[in-house]
Amino acid sequence: MAKNIPLLDASWLYVESKEAPMHVGSMAIFTVPEGETSQQAIARIVQMLRASVEFAPPFNYRLSSPRLLTLMPKWIEADKIDLDYHFRHSALPAPGGERELGTLISRLHSHPLDFRKPLWEMHLIEGLYGNRFALYTKMHHSLMDGVGGMRLMERIFGKSAKESMGLPAPWSVGTVSRKKKSTEPQHFADQAREAWEAAKLSGQSLPAAGRALMDLVREAVKPTDPALATPFSGPRSIVNRRVGGARRLATQTYPLERVRAVADAAKVSVNDIFLAICSSSIRRYLLERDALPAESLTAGLPVSVRPADDLDGGNAISFIIANLYTTESDPLVRLNEIHRSTQLAKTNLQAMPKEAINNYTIMLMAPMMLQLVSGLGGLTRPIFNTVISNVPGPSQDLYFSGCRLEQFYPISLIPHGQALNITVVSYSGQFNVAFTGDHDALPSMQRLSVYTGEALEELESVLGVKWESKTAEPTAAPVAAKPAARKTATRKTATRKA
């Protein structure tokens, strides 16, 4: 049975190009349990996966027309799926460290998915030192957003080593609709009535969405508060050029409690701290390349509007835009202004009726999509300079076929005009940050990940937060008037990849 693809999901298909594929991915690193070598575990897991030939949505969805010749593309369930094409087994050159793993995944993430087949791949990668292995998975953004991916991950993996041994392959699990579908065939009249009700509801929400967008337009034309970032208010920069096909990946990991301690001391959110250290890192990187614009960069922040009980795939996101204050040298002033900017943006979004948010998102993103479809992406002023995303993940350890999930990193897409994406996923007390960038536009991109660590240390120093260990209670002192001098050495708390 054919399934219509919603407009927001379909837009990611239409802007796809060879240089800017629209798939997202993840890198999961697992530790093999005691009493079993990585070779034994991998042989067992590969055998189990290759024997799993049942495919659940969205792993069995393929496009009804790979060339997208229709204005209303559809998903159809594939009758036959070549598992050897979608599941692949790779190995790192010895000794397999994080750098070698990052290089391999950067290369795998650079290749577009085949529109003639279901739009996903999974790579099991062996050869990591320390009795570990990795799973790299990529799926087209039209099938899944970040929060949907996290909820799918919690279904795919078990909450204990024992429980995970009985779970099927990820592609046999898939997503589950929150509404049970009737087994009775639906009459055309019923289908028409449902379509009319949906269209009527959408139409009723258009005025509210339009008013919210016009408020942003008026603010852009005649600004009243610089903290309220608007579309196209950010300058052109080296991260806003056209991109090539090759990607770079860099990662950082922090204890979540460490980041939370800084947020508590500053009386802001964890996400504000994340934005502040990203802003500091970008600012320093651009200064070193003598490429920092005189105007502050802006960031598009995806906001999930997915209901708590929604396990379906697809996209259920909107966007707010925040000023990153990359022109501000004082880290504490920058943090406070970022906090004010995000609060204003959230207030505007929350003031809209829920029914209007989807229409608002489509209208907000339409100029960006038109830029990409027309080939102007990276040639004109960007709607925002970069995307910075915070995706909440599972708070407890997860397991796959008896192996503990040690770390989990999101890997995002890079469209023309936005050569850098920064996404963080919280997992089991970790704050795992991944930087996805264009290979040519961002040389030595691993510096961005290192600089976030130094920016976090700088905020700790300014705020008087002393972090001792994961289990120790952090302490906060009164806020200092001036930022402390930058340290010349960085503690090696992060993993780095080229």
# chains A, B, ... in the order shown; residues from 1 in each chain; ligands from 1
>>> select_by_dssp(residues="stretch 350-490 of chain A", states="strand (DSSP E or B)", output="JSON list (two decimals) with C-alpha atoms, in the first residue's frame")
[["chain", "number", "residue", "atom", "x", "y", "z"],
["A", 386, "THR", "CA", 24.54, 27.04, 11.26],
["A", 387, "VAL", "CA", 22.33, 24.44, 12.91],
["A", 388, "ILE", "CA", 22.93, 23.57, 16.56],
["A", 389, "SER", "CA", 20.73, 20.81, 17.92],
["A", 390, "ASN", "CA", 20.22, 19.27, 21.36],
["A", 391, "VAL", "CA", 18.52, 15.87, 21.31],
["A", 399, "TYR", "CA", 22.73, -2.95, 25.27],
["A", 400, "PHE", "CA", 22.89, -4.61, 21.87],
["A", 403, "CYS", "CA", 27.21, -5.60, 24.48],
["A", 404, "ARG", "CA", 26.97, -2.30, 26.38],
["A", 405, "LEU", "CA", 26.45, 0.91, 24.40],
["A", 406, "GLU", "CA", 29.46, 2.93, 25.56],
["A", 407, "GLN", "CA", 29.02, 6.14, 23.55],
["A", 408, "PHE", "CA", 26.54, 7.45, 21.01],
["A", 409, "TYR", "CA", 27.10, 10.35, 18.59],
["A", 410, "PRO", "CA", 24.68, 11.93, 16.10],
["A", 411, "ILE", "CA", 25.98, 12.75, 12.60],
["A", 420, "LEU", "CA", 28.77, 23.11, 9.82],
["A", 421, "ASN", "CA", 26.27, 21.26, 11.99],
["A", 422, "ILE", "CA", 26.71, 20.69, 15.73],
["A", 423, "THR", "CA", 24.46, 18.19, 17.48],
["A", 424, "VAL", "CA", 24.56, 16.87, 21.04],
["A", 425, "VAL", "CA", 22.85, 13.76, 22.41],
["A", 426, "SER", "CA", 22.63, 13.04, 26.13],
["A", 427, "TYR", "CA", 23.06, 9.38, 26.97],
["A", 430, "GLN", "CA", 27.12, 11.67, 29.03],
["A", 431, "PHE", "CA", 26.91, 14.83, 26.93],
["A", 432, "ASN", "CA", 28.06, 13.61, 23.51],
["A", 433, "VAL", "CA", 28.73, 16.33, 20.95],
["A", 434, "ALA", "CA", 29.31, 15.67, 17.24],
["A", 435, "PHE", "CA", 30.54, 18.21, 14.69],
["A", 436, "THR", "CA", 29.67, 17.42, 11.07],
["A", 437, "GLY", "CA", 31.36, 19.66, 8.52],
["A", 438, "ASP", "CA", 32.27, 20.09, 4.91],
["A", 466, "LYS", "CA", 34.93, 23.30, 40.50],
["A", 475, "THR", "CA", 30.67, 23.65, 44.08]]
>>> residues_around(residues="A:Gly234", least_positions_apart="4", cutoff="9 Å", atoms="only C-alpha atoms", output="PyMOL selection string")
chain A and resi 229-230+295-299+323+381-385
>>> residues_around(residues="stretch 339-352 of chain A", least_positions_apart="3", cutoff="6 Å", atoms="only C-alpha atoms", output="PyMOL selection string")
chain A and resi 227-228+272+320+322+336
>>> closest_residue(among="A:Ser395, A:Ser52, A:Gln39, A:Ser26", to="A:Glu121", atoms="only C-alpha atoms")
A:Ser26
>>> atom_distance(atom1="atom CA of A:His416", atom2="atom CA of A:Arg107")
18.4 Å
>>> residues_around(residues="A:His111", least_positions_apart="2", cutoff="8 Å", atoms="only C-alpha atoms", output="count of residues only")
6
>>> closest_residue(among="A:Val32, A:Gly377, A:Glu460, A:Asp290", to="A:Arg44", atoms="only C-alpha atoms")
A:Val32
>>> atom_distance(atom1="atom CA of A:Met72", atom2="atom CA of A:Trp12")
13.1 Å
>>> residues_around(residues="A:Met368", least_positions_apart="3", cutoff="10 Å", atoms="only C-alpha atoms", output="list in words")
Val15, Pro231, Phe232, Met363, Leu364, Met365, Gln371, Leu372, Val373, Ser374, Leu376, Gly377, Pro382, Ile383, Phe384, Pro415, His416 and Gly417 of chain A
>>> write_last_selection(atoms="N, CA and C atoms", output="short mmCIF file (atom, residue, chain, number, x, y, z; two decimals), in the first residue's frame")
data_model
loop_
_atom_site.label_atom_id
_atom_site.label_comp_id
_atom_site.auth_asym_id
_atom_site.auth_seq_id
_atom_site.Cartn_x
_atom_site.Cartn_y
_atom_site.Cartn_z
N VAL A 15 15.50 18.53 -2.04
CA VAL A 15 16.72 19.34 -1.99
C VAL A 15 17.98 18.46 -2.01
N PRO A 231 15.11 35.47 10.49
CA PRO A 231 15.66 34.84 9.29
C PRO A 231 16.49 35.83 8.47
N PHE A 232 17.61 35.37 7.97
CA PHE A 232 18.52 36.14 7.11
C PHE A 232 19.20 37.30 7.84
N MET A 363 6.43 27.53 6.29
CA MET A 363 6.63 28.89 5.76
C MET A 363 8.01 29.42 6.12
N LEU A 364 8.50 29.11 7.33
CA LEU A 364 9.81 29.57 7.77
C LEU A 364 10.92 28.94 6.94
N MET A 365 10.79 27.64 6.66
CA MET A 365 11.84 26.91 5.96
C MET A 365 11.74 27.02 4.44
N GLN A 371 16.09 28.13 -1.90
CA GLN A 371 17.50 28.38 -2.18
C GLN A 371 18.18 27.11 -2.67
N LEU A 372 17.91 26.00 -1.98
CA LEU A 372 18.58 24.74 -2.31
C LEU A 372 18.08 24.17 -3.63
N VAL A 373 16.76 24.20 -3.84
CA VAL A 373 16.20 23.66 -5.08
C VAL A 373 16.65 24.47 -6.29
N SER A 374 16.74 25.79 -6.13
CA SER A 374 17.11 26.67 -7.24
C SER A 374 18.62 26.71 -7.50
N LEU A 376 20.75 28.20 -5.44
CA LEU A 376 21.30 29.43 -4.87
C LEU A 376 21.85 29.24 -3.47
N GLY A 377 21.67 28.05 -2.89
CA GLY A 377 22.20 27.79 -1.56
C GLY A 377 23.71 27.98 -1.53
N PRO A 382 22.45 33.42 4.16
CA PRO A 382 21.77 32.24 4.71
C PRO A 382 20.61 32.62 5.62
N ILE A 383 19.62 31.75 5.70
CA ILE A 383 18.50 31.99 6.61
C ILE A 383 18.99 31.99 8.05
N PHE A 384 19.96 31.14 8.37
CA PHE A 384 20.76 31.20 9.59
C PHE A 384 22.10 30.57 9.27
N PRO A 415 23.75 20.99 4.19
CA PRO A 415 23.23 21.52 2.93
C PRO A 415 24.14 22.62 2.38
N HIS A 416 23.94 22.97 1.12
CA HIS A 416 24.65 24.12 0.58
C HIS A 416 24.32 25.36 1.40
N GLY A 417 25.35 26.11 1.76
CA GLY A 417 25.15 27.32 2.54
C GLY A 417 25.30 27.14 4.03
#
>>> atom_distance(atom1="atom CA of A:Ser110", atom2="atom CA of A:Asp440")
12.5 Å
>>> residues_around(residues="A:Gly102", least_positions_apart="6", cutoff="12 Å", atoms="only C-alpha atoms", output="VMD selection string")
chain A and resid 26 to 29 92 96 108 to 109 125 128 134 136 247 to 251 409 411 434 to 436 446 495 to 498
>>> closest_atom_pairs(of="stretch 264-335 of chain A", to="stretch 54-67 of chain A", cutoff="10 Å", atoms="only C-alpha atoms", output="tab-separated table")
residue	atom	partner	partner_atom	distance
A:Asp312	CA	A:Pro58	CA	9.0
A:Gly313	CA	A:Pro58	CA	7.0
A:Gly314	CA	A:Pro58	CA	8.9
>>> select_by_dssp(residues="stretch 250-446 of chain A", states="alpha helix (DSSP H)", output="short mmCIF file (atom, residue, chain, number, x, y, z; two decimals) with N, CA and C atoms, in the first residue's frame")
data_model
loop_
_atom_site.label_atom_id
_atom_site.label_comp_id
_atom_site.auth_asym_id
_atom_site.auth_seq_id
_atom_site.Cartn_x
_atom_site.Cartn_y
_atom_site.Cartn_z
N LEU A 256 27.46 14.83 31.77
CA LEU A 256 26.29 15.71 31.75
C LEU A 256 26.19 16.53 33.04
N GLU A 257 26.53 15.93 34.17
CA GLU A 257 26.47 16.65 35.44
C GLU A 257 27.44 17.83 35.48
N ARG A 258 28.54 17.70 34.76
CA ARG A 258 29.50 18.81 34.71
C ARG A 258 28.87 20.01 33.99
N VAL A 259 28.23 19.75 32.87
CA VAL A 259 27.57 20.82 32.11
C VAL A 259 26.41 21.40 32.93
N ARG A 260 25.68 20.52 33.61
CA ARG A 260 24.54 20.96 34.42
C ARG A 260 24.99 21.84 35.59
N ALA A 261 26.15 21.52 36.16
CA ALA A 261 26.67 22.33 37.27
C ALA A 261 26.96 23.76 36.82
N VAL A 262 27.50 23.90 35.60
CA VAL A 262 27.76 25.24 35.06
C VAL A 262 26.45 25.97 34.80
N ALA A 263 25.47 25.24 34.26
CA ALA A 263 24.16 25.84 33.99
C ALA A 263 23.50 26.31 35.28
N ASP A 264 23.58 25.50 36.33
CA ASP A 264 22.97 25.87 37.62
C ASP A 264 23.65 27.12 38.20
N ALA A 265 24.97 27.18 38.07
CA ALA A 265 25.69 28.33 38.61
C ALA A 265 25.35 29.61 37.87
N ALA A 266 25.11 29.50 36.55
CA ALA A 266 24.78 30.67 35.74
C ALA A 266 23.29 30.96 35.72
N VAL A 270 20.84 23.98 30.40
CA VAL A 270 21.97 23.20 29.84
C VAL A 270 22.15 23.55 28.38
N ASN A 271 21.04 23.75 27.65
CA ASN A 271 21.14 24.09 26.24
C ASN A 271 21.79 25.45 26.03
N ASP A 272 21.56 26.39 26.95
CA ASP A 272 22.23 27.69 26.85
C ASP A 272 23.74 27.53 27.00
N ILE A 273 24.17 26.67 27.92
CA ILE A 273 25.61 26.41 28.07
C ILE A 273 26.16 25.78 26.80
N PHE A 274 25.41 24.85 26.23
CA PHE A 274 25.83 24.20 24.99
C PHE A 274 26.00 25.24 23.87
N LEU A 275 25.03 26.12 23.72
CA LEU A 275 25.12 27.15 22.69
C LEU A 275 26.30 28.09 22.96
N ALA A 276 26.53 28.41 24.22
CA ALA A 276 27.61 29.33 24.56
C ALA A 276 28.98 28.75 24.24
N ILE A 277 29.20 27.48 24.56
CA ILE A 277 30.52 26.90 24.26
C ILE A 277 30.69 26.67 22.76
N CYS A 278 29.59 26.41 22.06
CA CYS A 278 29.67 26.30 20.60
C CYS A 278 29.99 27.66 19.98
N SER A 279 29.33 28.71 20.48
CA SER A 279 29.59 30.06 19.99
C SER A 279 31.05 30.45 20.22
N SER A 280 31.56 30.17 21.43
CA SER A 280 32.95 30.48 21.74
C SER A 280 33.90 29.74 20.81
N SER A 281 33.59 28.47 20.55
CA SER A 281 34.44 27.66 19.69
C SER A 281 34.45 28.19 18.26
N ILE A 282 33.26 28.51 17.74
CA ILE A 282 33.17 29.04 16.38
C ILE A 282 33.89 30.38 16.28
N ARG A 283 33.69 31.23 17.28
CA ARG A 283 34.34 32.54 17.29
C ARG A 283 35.86 32.39 17.24
N ARG A 284 36.41 31.52 18.08
CA ARG A 284 37.86 31.34 18.12
C ARG A 284 38.38 30.75 16.81
N TYR A 285 37.65 29.78 16.27
CA TYR A 285 38.06 29.15 15.00
C TYR A 285 38.10 30.19 13.89
N LEU A 286 37.08 31.05 13.80
CA LEU A 286 37.03 32.06 12.75
C LEU A 286 38.07 33.14 12.96
N LEU A 287 38.33 33.52 14.23
CA LEU A 287 39.37 34.50 14.51
C LEU A 287 40.73 34.01 14.05
N GLU A 288 41.03 32.74 14.29
CA GLU A 288 42.32 32.18 13.89
C GLU A 288 42.49 32.16 12.38
N PRO A 331 32.93 35.94 27.87
CA PRO A 331 32.14 34.70 27.83
C PRO A 331 30.86 34.76 28.65
N LEU A 332 30.88 35.50 29.76
CA LEU A 332 29.69 35.57 30.61
C LEU A 332 28.61 36.46 29.97
N VAL A 333 29.04 37.57 29.39
CA VAL A 333 28.08 38.43 28.68
C VAL A 333 27.48 37.65 27.51
N ARG A 334 28.33 36.92 26.79
CA ARG A 334 27.86 36.14 25.64
C ARG A 334 26.82 35.11 26.10
N LEU A 335 27.10 34.43 27.19
CA LEU A 335 26.17 33.42 27.70
C LEU A 335 24.83 34.05 28.07
N ASN A 336 24.86 35.15 28.79
CA ASN A 336 23.61 35.77 29.22
C ASN A 336 22.79 36.29 28.04
N GLU A 337 23.47 36.82 27.03
CA GLU A 337 22.74 37.32 25.85
C GLU A 337 22.16 36.16 25.03
N ILE A 338 22.89 35.05 24.94
CA ILE A 338 22.36 33.87 24.26
C ILE A 338 21.12 33.36 24.99
N HIS A 339 21.18 33.34 26.31
CA HIS A 339 20.03 32.93 27.10
C HIS A 339 18.82 33.81 26.80
N ARG A 340 19.04 35.12 26.74
CA ARG A 340 17.93 36.03 26.46
C ARG A 340 17.38 35.81 25.05
N SER A 341 18.26 35.56 24.10
CA SER A 341 17.84 35.34 22.72
C SER A 341 16.98 34.08 22.59
N THR A 342 17.41 33.00 23.23
CA THR A 342 16.64 31.75 23.14
C THR A 342 15.30 31.87 23.86
N GLN A 343 15.27 32.61 24.97
CA GLN A 343 14.01 32.78 25.69
C GLN A 343 12.99 33.53 24.84
N LEU A 344 13.43 34.58 24.15
CA LEU A 344 12.53 35.34 23.28
C LEU A 344 12.00 34.45 22.16
N ALA A 345 12.90 33.66 21.55
CA ALA A 345 12.49 32.80 20.44
C ALA A 345 11.50 31.73 20.90
N LYS A 346 11.76 31.14 22.07
CA LYS A 346 10.85 30.11 22.60
C LYS A 346 9.48 30.70 22.92
N THR A 347 9.48 31.90 23.47
CA THR A 347 8.21 32.54 23.81
C THR A 347 7.35 32.76 22.58
N ASN A 348 7.97 33.20 21.49
CA ASN A 348 7.23 33.41 20.25
C ASN A 348 6.65 32.10 19.72
N LEU A 349 7.43 31.03 19.78
CA LEU A 349 6.95 29.74 19.26
C LEU A 349 5.83 29.19 20.14
N GLN A 350 6.00 29.30 21.45
CA GLN A 350 5.01 28.74 22.37
C GLN A 350 3.69 29.51 22.35
N LYS A 354 -0.84 24.84 18.75
CA LYS A 354 -0.10 23.67 18.28
C LYS A 354 -0.40 23.37 16.82
N GLU A 355 -1.66 23.60 16.41
CA GLU A 355 -2.05 23.28 15.04
C GLU A 355 -1.36 24.19 14.03
N ALA A 356 -0.87 25.34 14.49
CA ALA A 356 -0.27 26.31 13.56
C ALA A 356 1.22 26.07 13.37
N ILE A 357 1.85 25.29 14.25
CA ILE A 357 3.31 25.18 14.23
C ILE A 357 3.81 24.53 12.95
N ASN A 358 3.12 23.50 12.45
CA ASN A 358 3.57 22.84 11.24
C ASN A 358 3.55 23.80 10.05
N ASN A 359 2.45 24.58 9.93
CA ASN A 359 2.38 25.56 8.84
C ASN A 359 3.45 26.63 9.01
N TYR A 360 3.68 27.07 10.24
CA TYR A 360 4.72 28.06 10.51
C TYR A 360 6.09 27.53 10.08
N THR A 361 6.37 26.27 10.42
CA THR A 361 7.66 25.67 10.07
C THR A 361 7.84 25.61 8.56
N ILE A 362 6.79 25.21 7.85
CA ILE A 362 6.87 25.13 6.39
C ILE A 362 7.14 26.50 5.79
N MET A 363 6.43 27.53 6.29
CA MET A 363 6.63 28.89 5.76
C MET A 363 8.01 29.42 6.12
N LEU A 364 8.50 29.11 7.33
CA LEU A 364 9.81 29.57 7.77
C LEU A 364 10.92 28.94 6.94
N MET A 365 10.79 27.64 6.66
CA MET A 365 11.84 26.91 5.96
C MET A 365 11.74 27.02 4.44
N ALA A 366 10.60 27.51 3.94
CA ALA A 366 10.41 27.58 2.48
C ALA A 366 11.52 28.36 1.77
N PRO A 367 11.95 29.54 2.28
CA PRO A 367 13.04 30.24 1.58
C PRO A 367 14.33 29.43 1.50
N MET A 368 14.65 28.72 2.57
CA MET A 368 15.86 27.88 2.56
C MET A 368 15.72 26.77 1.53
N MET A 369 14.57 26.11 1.52
CA MET A 369 14.36 25.02 0.56
C MET A 369 14.40 25.55 -0.87
N LEU A 370 13.82 26.74 -1.11
CA LEU A 370 13.86 27.33 -2.44
C LEU A 370 15.29 27.66 -2.85
N GLN A 371 16.09 28.13 -1.90
CA GLN A 371 17.50 28.38 -2.18
C GLN A 371 18.18 27.11 -2.67
N LEU A 372 17.91 26.00 -1.98
CA LEU A 372 18.58 24.74 -2.31
C LEU A 372 18.08 24.17 -3.63
N VAL A 373 16.76 24.20 -3.84
CA VAL A 373 16.20 23.66 -5.08
C VAL A 373 16.65 24.47 -6.29
N SER A 374 16.74 25.79 -6.13
CA SER A 374 17.11 26.67 -7.24
C SER A 374 18.62 26.71 -7.50
N GLN A 446 38.69 19.48 13.81
CA GLN A 446 38.75 18.94 15.16
C GLN A 446 39.07 20.01 16.19
#
>>> residues_around(residues="A:Ala91", least_positions_apart="4", cutoff="12 Å", atoms="only C-alpha atoms", output="ChimeraX atom specification")
/A:38-39,42,95-97,100-101,104-105,123-129,132-135
>>> write_last_selection(atoms="C-alpha atoms", output="JSON list (two decimals), in the first residue's frame")
[["chain", "number", "residue", "atom", "x", "y", "z"],
["A", 38, "SER", "CA", 35.45, -8.89, 20.13],
["A", 39, "GLN", "CA", 36.03, -11.41, 17.33],
["A", 42, "ILE", "CA", 31.19, -9.82, 16.16],
["A", 95, "PRO", "CA", 45.51, -0.20, 15.69],
["A", 96, "GLY", "CA", 41.91, 0.93, 15.51],
["A", 97, "GLY", "CA", 41.53, 4.15, 17.44],
["A", 100, "GLU", "CA", 40.73, 5.84, 12.34],
["A", 101, "LEU", "CA", 37.07, 5.31, 13.20],
["A", 104, "LEU", "CA", 36.11, 5.81, 8.07],
["A", 105, "ILE", "CA", 32.74, 7.17, 9.18],
["A", 123, "HIS", "CA", 27.76, -0.73, 8.95],
["A", 124, "LEU", "CA", 29.25, -2.93, 11.67],
["A", 125, "ILE", "CA", 32.87, -1.85, 12.16],
["A", 126, "GLU", "CA", 35.35, -4.08, 13.94],
["A", 127, "GLY", "CA", 38.97, -3.44, 14.94],
["A", 128, "LEU", "CA", 38.50, -0.85, 17.69],
["A", 129, "TYR", "CA", 41.04, -1.28, 20.47],
["A", 132, "ARG", "CA", 35.03, -2.71, 21.25],
["A", 133, "PHE", "CA", 33.22, -2.31, 17.96],
["A", 134, "ALA", "CA", 31.03, 0.34, 16.33],
["A", 135, "LEU", "CA", 27.75, 0.56, 14.45]]
